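Text of start_17.tsv, listed as TSV, C-alpha atoms:
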```tsv
chain	number	residue	atom	x	y	z
A	1	MET	CA	-28.99	37.07	-57.37
A	2	GLU	CA	-25.28	36.29	-57.24
A	3	ARG	CA	-24.53	40.01	-56.98
A	4	LEU	CA	-26.79	40.29	-53.92
A	5	GLY	CA	-24.89	37.46	-52.26
A	6	GLU	CA	-21.59	39.24	-52.89
A	7	VAL	CA	-22.96	42.49	-51.47
A	8	LEU	CA	-24.28	40.75	-48.35
A	9	ALA	CA	-20.99	38.87	-47.88
A	10	GLY	CA	-19.07	42.13	-48.17
A	11	PHE	CA	-21.42	43.82	-45.72
A	12	LEU	CA	-21.05	40.92	-43.26
A	13	ASP	CA	-17.25	41.02	-43.57
A	14	GLY	CA	-17.29	44.77	-42.85
A	15	VAL	CA	-19.60	44.54	-39.84
A	16	VAL	CA	-17.76	41.57	-38.37
A	17	GLY	CA	-14.40	43.28	-38.97
A	18	VAL	CA	-15.52	46.38	-37.07
A	19	ALA	CA	-16.96	44.23	-34.26
A	20	ILE	CA	-13.73	42.21	-34.01
A	21	HIS	CA	-11.64	45.36	-33.68
A	22	GLY	CA	-14.14	46.80	-31.20
A	23	PHE	CA	-14.02	43.74	-28.96
A	24	GLU	CA	-10.22	43.64	-29.18
A	25	LEU	CA	-9.98	47.33	-28.25
A	26	ILE	CA	-12.38	46.94	-25.32
A	27	GLY	CA	-10.46	43.89	-24.08
A	28	VAL	CA	-7.11	45.67	-24.26
A	29	PHE	CA	-8.55	48.76	-22.53
A	30	ILE	CA	-9.99	46.66	-19.68
A	31	ILE	CA	-6.70	44.78	-19.20
A	32	LEU	CA	-4.74	48.05	-19.18
A	33	CYS	CA	-7.13	49.63	-16.66
A	34	ALA	CA	-6.94	46.53	-14.46
A	35	GLY	CA	-3.14	46.66	-14.61
A	36	VAL	CA	-2.98	50.32	-13.63
A	37	LYS	CA	-5.53	49.79	-10.85
A	38	GLY	CA	-3.58	46.73	-9.69
A	39	LEU	CA	-0.37	48.74	-9.55
A	40	VAL	CA	-2.04	51.44	-7.47
A	41	GLN	CA	-3.51	48.82	-5.12
A	42	TYR	CA	-0.12	47.13	-4.84
A	43	VAL	CA	1.57	50.40	-3.87
A	44	ARG	CA	-1.15	50.98	-1.25
A	45	ARG	CA	-0.62	47.40	-0.02
A	46	ASP	CA	-4.28	46.49	-0.58
A	47	PRO	CA	-4.70	42.80	0.28
A	48	SER	CA	-7.28	42.30	-2.46
A	49	VAL	CA	-4.91	43.37	-5.25
A	50	ARG	CA	-4.51	39.85	-6.68
A	51	LEU	CA	-8.25	39.25	-6.75
A	52	GLN	CA	-9.05	42.59	-8.39
A	53	LEU	CA	-6.29	42.19	-10.96
A	54	ALA	CA	-7.36	38.66	-11.83
A	55	GLN	CA	-10.99	39.74	-12.23
A	56	GLY	CA	-9.98	42.58	-14.56
A	57	MET	CA	-7.78	40.32	-16.64
A	58	ALA	CA	-10.52	37.69	-16.86
A	59	LEU	CA	-13.03	40.27	-18.10
A	60	GLY	CA	-10.57	41.61	-20.68
A	61	LEU	CA	-9.82	38.10	-21.91
A	62	GLU	CA	-13.55	37.40	-22.27
A	63	PHE	CA	-13.81	40.31	-24.73
A	64	LYS	CA	-10.74	39.14	-26.62
A	65	LEU	CA	-12.15	35.62	-26.75
A	66	GLY	CA	-15.37	37.08	-28.17
A	67	SER	CA	-13.39	38.73	-30.95
A	68	GLU	CA	-11.79	35.40	-31.84
A	69	ILE	CA	-15.18	33.71	-31.97
A	70	LEU	CA	-16.38	36.44	-34.33
A	71	ARG	CA	-13.26	35.91	-36.42
A	72	THR	CA	-14.48	32.38	-37.19
A	73	VAL	CA	-17.34	33.95	-39.17
A	74	VAL	CA	-15.03	35.42	-41.79
A	75	VAL	CA	-12.38	32.67	-42.19
A	76	ARG	CA	-12.04	31.37	-45.71
A	77	GLU	CA	-9.41	28.60	-45.55
A	78	LEU	CA	-8.81	25.57	-43.36
A	79	SER	CA	-5.42	26.90	-42.23
A	80	GLU	CA	-7.15	30.04	-40.91
A	81	VAL	CA	-9.67	27.89	-39.03
A	82	ALA	CA	-6.83	25.95	-37.37
A	83	LEU	CA	-5.08	29.17	-36.34
A	84	VAL	CA	-8.26	30.72	-34.93
A	85	ALA	CA	-9.06	27.48	-33.10
A	86	ALA	CA	-5.60	27.44	-31.54
A	87	ILE	CA	-5.95	31.06	-30.41
A	88	ILE	CA	-9.38	30.35	-28.94
A	89	ALA	CA	-8.01	27.32	-27.08
A	90	VAL	CA	-5.13	29.31	-25.57
A	91	ARG	CA	-7.36	32.21	-24.52
A	92	ALA	CA	-9.97	29.85	-23.10
A	93	ALA	CA	-7.26	28.07	-21.08
A	94	LEU	CA	-5.99	31.41	-19.76
A	95	THR	CA	-9.51	32.45	-18.83
A	96	PHE	CA	-10.07	29.12	-17.05
A	97	LEU	CA	-6.83	29.48	-15.08
A	98	ILE	CA	-7.64	33.05	-14.08
A	99	HIS	CA	-11.14	32.07	-12.95
A	100	TRP	CA	-9.60	29.23	-10.94
A	101	GLU	CA	-7.20	31.69	-9.29
A	102	ILE	CA	-10.11	34.05	-8.54
A	103	LYS	CA	-11.97	31.22	-6.84
A	104	ILE	CA	-8.92	30.41	-4.71
A	105	GLU	CA	-8.37	34.08	-3.81
A	106	GLU	CA	-12.03	34.53	-2.85
A	107	GLY	CA	-11.85	31.42	-0.65
A	108	THR	CA	-8.70	32.73	1.05
A	109	LYS	CA	-10.34	36.12	1.59
A	110	GLU	CA	-13.43	34.51	3.18
A	111	GLU	CA	-11.26	32.39	5.48
A	112	LYS	CA	-9.34	35.46	6.66
A	113	GLN	CA	-12.61	37.30	7.33
A	114	LYS	CA	-13.92	34.37	9.38
A	115	GLU	CA	-10.68	34.28	11.39
A	116	ARG	CA	-10.92	38.02	12.07
A	117	GLY	CA	-14.55	37.63	13.11
A	118	ALA	CA	-13.65	34.84	15.55
A	119	GLU	CA	-10.79	36.92	17.00
A	120	ASN	CA	-13.01	39.99	17.47
A	121	ALA	CA	-15.81	37.98	19.11
A	122	GLY	CA	-13.55	36.86	21.94
A	123	PRO	CA	-14.73	34.79	24.91
A	124	LEU	CA	-18.33	35.19	25.97
```

Could you quickly redo this structure as structure tokens?
Amino acid sequence: MERLGEVLAGFLDGVVGVAIHGFELIGVFIILCAGVKGLVQYVRRDPSVRLQLAQGMALGLEFKLGSEILRTVVVRELSEVALVAAIIAVRAALTFLIHWEIKIEEGTKEEKQKERGAENAGPL
């Protein structure tokens, strides 16, 4: 019975390890793509560049945060738990700040659209 537990623990460590690396890779890829897209939008002077870049970074950070949460499954020592908890806290704070910036950018974008609509309507 003890041997079965060791086999299952090894299997779980392997699956979680692959999933962690997969989530990390996806997160990095999304952040890189958002950065390249943001650079192109910046060169084209697209006014929504900040919003698009922030949304891409937020999505990439969500995947990286998911990998850290999975990492908690395979920690063995208290010092590892503290390190993973600190990483999760920092990434969660970054995600919160980026979402806050997205909200501000979306509000600014809506205000500008309303102003343009009022200017185009003109006097009746």

Nearest to Ala92 of chain A among A:Gly5, A:Val49, A:Gly10, A:Leu59, with distances taken over all atoms listed in the file: which residue is it?
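Using all atoms listed in the file, Ala92 of chain A sits closest to A:Leu59.
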
Please determine, counting only C-alpha atoms, which residue among A:Trp100, A:Glu105, A:Gln41, A:Glu68 has the shortest atom-to-atom distance to Ala86 of chain A.
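Closest to Ala86 of chain A of all the choices is A:Glu68.
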
All residues 9 Å or closer to segment 20-26 of chain A, all atoms listed in the file, same chain fewer than 5 positions away omitted, as a count of residues only
12

Atom CA of Val73 of chain A to atom CA of Gly14 of chain A, straight-line distance in Å:
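Result for atom CA of Gly14 of chain A versus atom CA of Val73 of chain A: 11.4 Å, one decimal.
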
In terms of the shortest atom-to-atom distance over only C-alpha atoms, which of A:Ala19, A:Leu51, A:Ala85, A:Met57 is closest to Cys33 of chain A?
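Among A:Ala19, A:Leu51, A:Ala85, A:Met57, it is A:Met57 that comes nearest to Cys33 of chain A.
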
So which residues touch segment 106-120 of chain A within 12 Å, counting only C-alpha atoms, skipping near sequence neighbours fewer than 5 positions away, as a VMD selection string?
chain A and resid 47 to 52 54 to 55 99 to 101

Straight-line distance linking atom CA of Val28 of chain A with atom CA of Leu94 of chain A, stated in Å to one decimal
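Value for the atom CA of Val28 of chain A-atom CA of Leu94 of chain A distance: 15.0 Å.
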
Would you mind reading off the distance between atom CA of Phe96 of chain A and atom CA of Gly35 of chain A, one decimal, in Å?
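So the two atoms, atom CA of Phe96 of chain A and atom CA of Gly35 of chain A, lie 19.0 Å apart.
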
When you count all atoms listed in the file, which of these residues is closest to Ile102 of chain A: A:Leu61, A:Val90, A:Leu53, A:Ala82?
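Among the listed residues, the smallest separation from Ile102 of chain A belongs to A:Leu53.
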
Could you rebuild segment 19-34 of chain A with N, CA and C atoms and give me the result as an mmCIF file, in the coordinates of the input?
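Output contents, as saved in result.cif:
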```
data_model
loop_
_atom_site.group_PDB
_atom_site.id
_atom_site.type_symbol
_atom_site.label_atom_id
_atom_site.label_comp_id
_atom_site.auth_asym_id
_atom_site.auth_seq_id
_atom_site.Cartn_x
_atom_site.Cartn_y
_atom_site.Cartn_z
ATOM 1 N N ALA A 19 -16.658 44.826 -35.562
ATOM 2 C CA ALA A 19 -16.960 44.230 -34.260
ATOM 3 C C ALA A 19 -15.725 43.553 -33.662
ATOM 4 N N ILE A 20 -14.952 42.862 -34.494
ATOM 5 C CA ILE A 20 -13.730 42.210 -34.010
ATOM 6 C C ILE A 20 -12.778 43.245 -33.424
ATOM 7 N N HIS A 21 -12.548 44.323 -34.173
ATOM 8 C CA HIS A 21 -11.640 45.360 -33.680
ATOM 9 C C HIS A 21 -12.204 46.036 -32.435
ATOM 10 N N GLY A 22 -13.516 46.205 -32.390
ATOM 11 C CA GLY A 22 -14.140 46.800 -31.200
ATOM 12 C C GLY A 22 -13.948 45.945 -29.967
ATOM 13 N N PHE A 23 -14.212 44.637 -30.098
ATOM 14 C CA PHE A 23 -14.020 43.740 -28.960
ATOM 15 C C PHE A 23 -12.553 43.689 -28.538
ATOM 16 N N GLU A 24 -11.645 43.644 -29.504
ATOM 17 C CA GLU A 24 -10.220 43.640 -29.180
ATOM 18 C C GLU A 24 -9.833 44.904 -28.420
ATOM 19 N N LEU A 25 -10.301 46.056 -28.893
ATOM 20 C CA LEU A 25 -9.980 47.330 -28.250
ATOM 21 C C LEU A 25 -10.542 47.387 -26.831
ATOM 22 N N ILE A 26 -11.774 46.954 -26.650
ATOM 23 C CA ILE A 26 -12.380 46.940 -25.320
ATOM 24 C C ILE A 26 -11.594 46.014 -24.391
ATOM 25 N N GLY A 27 -11.230 44.831 -24.882
ATOM 26 C CA GLY A 27 -10.460 43.890 -24.080
ATOM 27 C C GLY A 27 -9.115 44.454 -23.642
ATOM 28 N N VAL A 28 -8.402 45.070 -24.578
ATOM 29 C CA VAL A 28 -7.110 45.670 -24.260
ATOM 30 C C VAL A 28 -7.285 46.800 -23.246
ATOM 31 N N PHE A 29 -8.295 47.645 -23.442
ATOM 32 C CA PHE A 29 -8.550 48.760 -22.530
ATOM 33 C C PHE A 29 -8.836 48.252 -21.114
ATOM 34 N N ILE A 30 -9.657 47.219 -20.992
ATOM 35 C CA ILE A 30 -9.990 46.660 -19.680
ATOM 36 C C ILE A 30 -8.744 46.084 -19.011
ATOM 37 N N ILE A 31 -7.923 45.361 -19.769
ATOM 38 C CA ILE A 31 -6.700 44.780 -19.200
ATOM 39 C C ILE A 31 -5.741 45.876 -18.755
ATOM 40 N N LEU A 32 -5.601 46.930 -19.558
ATOM 41 C CA LEU A 32 -4.740 48.050 -19.180
ATOM 42 C C LEU A 32 -5.247 48.738 -17.910
ATOM 43 N N CYS A 33 -6.545 48.993 -17.858
ATOM 44 C CA CYS A 33 -7.130 49.630 -16.660
ATOM 45 C C CYS A 33 -6.935 48.756 -15.431
ATOM 46 N N ALA A 34 -7.137 47.449 -15.581
ATOM 47 C CA ALA A 34 -6.940 46.530 -14.460
ATOM 48 C C ALA A 34 -5.482 46.533 -14.011
#
```
